[in-house]
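File shown: query.cif. Contents: mmCIF, C-alpha atoms.
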data_query
#
loop_
_atom_site.group_PDB
_atom_site.id
_atom_site.type_symbol
_atom_site.label_atom_id
_atom_site.label_comp_id
_atom_site.auth_asym_id
_atom_site.auth_seq_id
_atom_site.Cartn_x
_atom_site.Cartn_y
_atom_site.Cartn_z
ATOM 1 C CA MET A 1 -70.257 20.263 125.662
ATOM 2 C CA SER A 2 -67.682 20.210 128.449
ATOM 3 C CA LYS A 3 -63.988 20.094 127.695
ATOM 4 C CA MET A 4 -61.707 17.539 129.308
ATOM 5 C CA GLN A 5 -59.429 19.011 132.004
ATOM 6 C CA LEU A 6 -55.796 19.227 130.864
ATOM 7 C CA ASN A 7 -53.304 18.231 133.561
ATOM 8 C CA LEU A 8 -49.691 19.297 133.100
ATOM 9 C CA GLY A 9 -46.609 17.932 134.798
ATOM 10 C CA LEU A 10 -42.894 17.360 134.489
ATOM 11 C CA ASN A 11 -43.330 15.045 131.476
ATOM 12 C CA ASP A 12 -45.000 17.862 129.503
ATOM 13 C CA GLN A 13 -41.765 19.880 129.188
ATOM 14 C CA GLY A 14 -41.687 21.382 125.668
ATOM 15 C CA ARG A 15 -45.326 20.589 124.889
ATOM 16 C CA LEU A 16 -47.059 22.978 122.470
ATOM 17 C CA LEU A 17 -49.905 24.858 124.182
ATOM 18 C CA ALA A 18 -52.301 27.557 123.027
ATOM 19 C CA ASP A 19 -52.914 30.438 125.438
ATOM 20 C CA GLU A 20 -56.381 29.210 126.503
ATOM 21 C CA GLU A 21 -55.105 25.670 127.067
ATOM 22 C CA PHE A 22 -52.439 27.064 129.376
ATOM 23 C CA ALA A 23 -54.989 29.281 131.145
ATOM 24 C CA ARG A 24 -57.327 26.364 131.925
ATOM 25 C CA ALA A 25 -54.768 23.656 132.702
ATOM 26 C CA GLU A 26 -54.212 22.123 136.112
ATOM 27 C CA CYS A 27 -50.491 21.984 136.908
ATOM 28 C CA ASP A 28 -48.785 19.426 139.136
ATOM 29 C CA ALA A 29 -47.113 20.820 142.231
ATOM 30 C CA PRO A 30 -44.480 21.636 143.287
ATOM 31 C CA PHE A 31 -43.262 22.634 139.831
ATOM 32 C CA ARG A 32 -43.743 26.086 138.293
ATOM 33 C CA TYR A 33 -44.765 26.601 134.700
ATOM 34 C CA GLU A 34 -44.233 29.192 131.976
ATOM 35 C CA ARG A 35 -45.185 29.108 128.306
ATOM 36 C CA VAL A 36 -42.560 30.481 125.904
ATOM 37 C CA GLU A 37 -43.254 30.677 122.168
ATOM 38 C CA GLU A 38 -46.193 28.316 122.815
ATOM 39 C CA ARG A 39 -43.965 25.664 124.442
ATOM 40 C CA LEU A 40 -44.361 24.636 128.064
ATOM 41 C CA ILE A 41 -41.374 25.268 130.333
ATOM 42 C CA VAL A 42 -41.452 23.264 133.571
ATOM 43 C CA MET A 43 -39.287 24.766 136.310
ATOM 44 C CA GLU A 44 -38.085 23.336 139.589
ATOM 45 C CA PRO A 45 -39.757 24.679 142.727
ATOM 46 C CA SER A 46 -37.983 27.581 144.409
ATOM 47 C CA ASP A 47 -35.328 26.663 146.957
ATOM 48 C CA LEU A 48 -35.249 28.041 150.501
ATOM 49 C CA PRO A 49 -32.837 30.976 149.853
ATOM 50 C CA HIS A 50 -34.940 32.116 146.852
ATOM 51 C CA THR A 51 -38.128 31.868 148.924
ATOM 52 C CA GLN A 52 -36.553 33.813 151.810
ATOM 53 C CA VAL A 53 -35.610 36.720 149.513
ATOM 54 C CA VAL A 54 -39.096 36.763 147.932
ATOM 55 C CA SER A 55 -40.629 36.696 151.430
ATOM 56 C CA ALA A 56 -38.538 39.685 152.581
ATOM 57 C CA ILE A 57 -39.696 41.729 149.582
ATOM 58 C CA LEU A 58 -43.333 40.684 150.074
ATOM 59 C CA GLU A 59 -43.262 41.623 153.770
ATOM 60 C CA THR A 60 -42.024 45.115 152.927
ATOM 61 C CA LEU A 61 -44.597 45.536 150.136
ATOM 62 C CA TYR A 62 -47.477 44.398 152.382
ATOM 63 C CA LEU A 63 -46.406 46.789 155.146
ATOM 64 C CA TYR A 64 -46.254 49.624 152.617
ATOM 65 C CA LYS A 65 -49.679 48.748 151.208
ATOM 66 C CA HIS A 66 -51.173 48.671 154.705
ATOM 67 C CA GLY A 67 -49.683 52.065 155.570
ATOM 68 C CA HIS A 68 -50.437 53.784 152.236
ATOM 69 C CA SER A 69 -54.118 53.274 151.515
ATOM 70 C CA GLY A 70 -54.863 53.170 147.785
ATOM 71 C CA ALA A 71 -51.202 53.157 146.686
ATOM 72 C CA ILE A 72 -51.211 49.473 145.677
ATOM 73 C CA GLU A 73 -54.268 47.646 144.378
ATOM 74 C CA LEU A 74 -52.767 44.142 144.245
ATOM 75 C CA ILE A 75 -49.550 42.330 145.155
ATOM 76 C CA ALA A 76 -49.355 39.013 143.290
ATOM 77 C CA PRO A 77 -46.752 36.463 144.388
ATOM 78 C CA GLU A 78 -45.947 34.322 141.351
ATOM 79 C CA GLY A 79 -47.812 36.835 139.191
ATOM 80 C CA TRP A 80 -49.003 35.536 135.826
ATOM 81 C CA ILE A 81 -47.843 37.891 133.057
ATOM 82 C CA ARG A 82 -48.864 37.236 129.434
ATOM 83 C CA THR A 83 -46.190 39.129 127.488
ATOM 84 C CA SER A 84 -47.541 38.022 124.083
ATOM 85 C CA ALA A 85 -50.085 35.635 122.591
ATOM 86 C CA GLN A 86 -47.365 32.970 122.625
ATOM 87 C CA THR A 87 -45.657 33.626 125.981
ATOM 88 C CA ASP A 88 -46.831 33.490 129.606
ATOM 89 C CA ARG A 89 -44.362 34.312 132.370
ATOM 90 C CA ILE A 90 -44.615 33.826 136.108
ATOM 91 C CA GLY A 91 -42.952 36.750 137.872
ATOM 92 C CA ASP A 92 -41.816 36.202 141.451
ATOM 93 C CA ILE A 93 -43.837 39.276 142.476
ATOM 94 C CA ALA A 94 -46.090 41.443 140.311
ATOM 95 C CA VAL A 95 -47.419 44.739 141.690
ATOM 96 C CA TYR A 96 -50.532 46.430 140.302
ATOM 97 C CA LEU A 97 -51.122 50.028 141.346
ATOM 98 C CA ALA A 98 -54.638 50.413 139.914
ATOM 99 C CA ASP A 99 -57.342 49.023 137.629
ATOM 100 C CA VAL A 100 -57.411 45.382 138.663
ATOM 101 C CA SER A 101 -60.084 43.818 136.461
ATOM 102 C CA GLY A 102 -60.500 41.044 133.928
ATOM 103 C CA GLU A 103 -61.162 37.345 133.855
ATOM 104 C CA HIS A 104 -57.511 36.374 134.344
ATOM 105 C CA ILE A 105 -54.670 38.206 136.028
ATOM 106 C CA CYS A 106 -52.715 37.775 132.783
ATOM 107 C CA ASP A 107 -55.161 40.235 131.144
ATOM 108 C CA MET A 108 -53.575 43.038 133.208
ATOM 109 C CA VAL A 109 -50.144 44.649 132.945
ATOM 110 C CA PRO A 110 -48.338 44.991 136.292
ATOM 111 C CA ASP A 111 -46.634 48.283 137.097
ATOM 112 C CA LEU A 112 -43.668 46.639 138.845
ATOM 113 C CA VAL A 113 -42.206 43.150 138.659
ATOM 114 C CA PHE A 114 -39.635 41.653 141.020
ATOM 115 C CA GLU A 115 -37.596 38.637 139.902
ATOM 116 C CA VAL A 116 -35.151 36.796 142.135
ATOM 117 C CA VAL A 117 -32.460 35.219 139.966
ATOM 118 C CA SER A 118 -32.301 31.433 140.046
ATOM 119 C CA LYS A 119 -29.039 29.568 139.447
ATOM 120 C CA GLY A 120 -28.662 28.766 135.763
ATOM 121 C CA ARG A 121 -31.446 31.167 134.714
ATOM 122 C CA GLU A 122 -29.464 34.414 134.694
ATOM 123 C CA GLU A 123 -29.888 35.063 130.966
ATOM 124 C CA ARG A 124 -33.637 34.566 131.218
ATOM 125 C CA ASP A 125 -33.959 37.125 134.036
ATOM 126 C CA TYR A 126 -31.359 39.681 132.860
ATOM 127 C CA VAL A 127 -31.931 39.601 129.090
ATOM 128 C CA VAL A 128 -35.015 37.748 127.865
ATOM 129 C CA LYS A 129 -37.526 38.907 130.476
ATOM 130 C CA ARG A 130 -36.076 42.415 130.394
ATOM 131 C CA ASP A 131 -36.926 42.757 126.698
ATOM 132 C CA GLU A 132 -40.337 41.093 127.078
ATOM 133 C CA TYR A 133 -41.330 43.196 130.097
ATOM 134 C CA PHE A 134 -40.333 46.458 128.418
ATOM 135 C CA ALA A 135 -42.267 45.583 125.244
ATOM 136 C CA HIS A 136 -45.253 44.616 127.424
ATOM 137 C CA GLY A 137 -45.339 48.056 129.106
ATOM 138 C CA ILE A 138 -44.083 47.228 132.605
ATOM 139 C CA TRP A 139 -42.793 50.445 134.185
ATOM 140 C CA GLU A 140 -40.252 49.002 136.565
ATOM 141 C CA TYR A 141 -38.484 45.653 136.612
ATOM 142 C CA VAL A 142 -36.387 44.803 139.672
ATOM 143 C CA ILE A 143 -33.878 41.962 139.384
ATOM 144 C CA VAL A 144 -32.669 40.670 142.751
ATOM 145 C CA ASP A 145 -29.503 38.614 142.330
ATOM 146 C CA PRO A 146 -28.503 36.715 145.478
ATOM 147 C CA PHE A 147 -25.413 35.274 143.753
ATOM 148 C CA ARG A 148 -23.914 38.675 142.887
ATOM 149 C CA LYS A 149 -25.569 40.305 145.946
ATOM 150 C CA VAL A 150 -26.910 43.139 143.807
ATOM 151 C CA VAL A 151 -30.340 44.554 142.991
ATOM 152 C CA THR A 152 -30.702 45.893 139.459
ATOM 153 C CA VAL A 153 -33.528 48.404 139.112
ATOM 154 C CA LEU A 154 -34.753 48.891 135.545
ATOM 155 C CA SER A 155 -36.989 51.957 135.184
ATOM 156 C CA ARG A 156 -38.788 52.726 131.952
ATOM 157 C CA GLY A 157 -37.061 55.215 129.648
ATOM 158 C CA ALA A 158 -37.951 56.414 126.153
ATOM 159 C CA ARG A 159 -36.109 53.626 124.293
ATOM 160 C CA GLY A 160 -35.534 51.021 126.942
ATOM 161 C CA TYR A 161 -35.026 50.517 130.622
ATOM 162 C CA LEU A 162 -32.628 52.775 132.530
ATOM 163 C CA ALA A 163 -30.560 50.706 134.963
ATOM 164 C CA ARG A 164 -29.176 51.358 138.417
ATOM 165 C CA GLU A 165 -27.519 48.844 140.707
ATOM 166 C CA LEU A 166 -27.896 48.702 144.476
ATOM 167 C CA ARG A 167 -25.765 46.820 146.978
ATOM 168 C CA ASP A 168 -25.653 46.200 150.717
ATOM 169 C CA GLY A 169 -25.978 49.444 152.642
ATOM 170 C CA GLU A 170 -28.195 51.017 149.962
ATOM 171 C CA VAL A 171 -31.981 51.315 149.857
ATOM 172 C CA TYR A 172 -34.334 50.501 146.990
ATOM 173 C CA THR A 173 -36.927 53.207 146.352
ATOM 174 C CA SER A 174 -39.326 53.648 143.460
ATOM 175 C CA GLU A 175 -41.039 56.618 141.857
ATOM 176 C CA GLN A 176 -43.988 54.249 141.412
ATOM 177 C CA LEU A 177 -44.285 53.840 145.211
ATOM 178 C CA PRO A 178 -43.676 57.196 146.934
ATOM 179 C CA GLY A 179 -42.217 56.624 150.398
ATOM 180 C CA PHE A 180 -41.463 52.933 149.824
ATOM 181 C CA GLU A 181 -38.063 51.795 151.124
ATOM 182 C CA LEU A 182 -36.482 48.375 150.962
ATOM 183 C CA PRO A 183 -33.020 48.257 152.550
ATOM 184 C CA ILE A 184 -30.887 45.859 150.516
ATOM 185 C CA ALA A 185 -29.503 44.478 153.801
ATOM 186 C CA ASP A 186 -33.033 43.238 154.666
ATOM 187 C CA LEU A 187 -32.933 40.746 151.783
ATOM 188 C CA ALA A 188 -31.007 38.302 153.992
ATOM 189 C CA TRP A 189 -28.926 36.686 151.334
#
Same coordinates, now as structure tokens:
Amino acid sequence: MSKMQLNLGLNDQGRLLADEEFARAECDAPFRYERVEERLIVMEPSDLPHTQVVSAILETLYLYKHGHSGAIELIAPEGWIRTSAQTDRIGDIAVYLADVSGEHICDMVPDLVFEVVSKGREERDYVVKRDEYFAHGIWEYVIVDPFRKVVTVLSRGARGYLARELRDGEVYTSEQLPGFELPIADLAW
């Protein structure tokens, strides 16, 4: 017996959804969707400045991947991250260093996640996702804040993430990606 296709859109904000319903649903563009505590969150599409910052990071990651064979298995723009049975996040960029397998990308845990802060969503990126990503086992979480013009690098420690902030003139590097360099000035904010 075939199941009817579930189509989600702006009017479904707050709708209760099980994880498999969310996984199989068709979602109306240009909106982006997350599921938090089993409720659908419908988000506006990214604006041009947000997209430009994400693009600059992606370009640097793709160049690194091309020049360092085997260092990165997968770079997922708008990576689907299931942080619990009740919550599905969409990270701006999820990076998987190895072992890419499973039916859905949400079945895997990324090694690094990059989030570009959106206006009005600072608490979600700085607090809520930080806690969820640490509990989920993500080794490094990079918060790029074009409003404060700062990059906060959260690296996994014994009891939580260890933070360091980078500003213009500095370079982001990661122990997870030996030889990777992203000059903060290249983010073009």
Residues near range 131-133 of chain A, cut-off 9 Å, all atoms listed in the file, skip fewer than 6 positions along chain, as a VMD selection string: chain A and resid 81 83 to 84 113 139 to 141 160 to 161
What separates CA of Lys129 in chain A and CA of His66 in chain A is a distance of 29.5 Å
Grab the CA of Asn7 in chain A to CA of Ile75 in chain A distance for me, in Å with one decimal place. 27.0 Å
Nearest candidate to Ile93 in chain A (options A:Arg124, A:Gly70, A:Leu61, A:Glu37; using all atoms listed in the file):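 For Ile93 in chain A, the nearest of the candidates is A:Leu61.
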Given the PyMOL selection byres ((chain A and resi 22) around 12) and the file above, list the residues it selects as an MDAnalysis selection string. chainID A and resid 5:8 12 15:21 23:27 33:36 38:41 80 82 85:89 104 106
CA of Arg167 in chain A to CA of Ser118 in chain A: how many Å, to one decimal?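 Interatomic distance here is 18.1 Å.
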So what does the PyMOL selection byres ((chain A and resi 74) around 8) actually pick up in this one, as a list in words?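 When the PyMOL selection byres ((chain A and resi 74) around 8) is applied to the shown file, the picked residues are Ile72, Glu73, Ile75, Ala76, Val95, Tyr96, Leu97, Ala98 and Val100 of chain A.
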Taking all atoms listed in the file into account, name the residue in A:His136, A:Lys149, A:Arg156, A:Lys65 that is nearest to Leu187 in chain A. A:Lys149
The PyMOL selection byres ((chain A and resi 172) around 10) applied to the shown file, residues as a list of chain:residue names: A:Val142, A:Val151, A:Thr152, A:Val153, A:Glu165, A:Leu166, A:Arg167, A:Glu170, A:Val171, A:Thr173, A:Ser174, A:Phe180, A:Glu181, A:Leu182, A:Pro183, A:Ile184
Draw an axis-aligned box tight on the listed atoms of range 8-23 of chain A, then pad every side by 3 Å and write out centre and edge lengths in Å to one decimal as JSON.
{"center_x": -49.0, "center_y": 22.7, "center_z": 128.6, "size_x": 20.7, "size_y": 21.4, "size_z": 18.3}
Need to verify the contact set: range 47-56 of chain A, 8 Å, only C-alpha atoms, exclusion of same-chain residues closer than 3 positions in sequence. Can you return it as a PyMOL selection string? chain A and resi 59-60+92-93+116-118+186-189
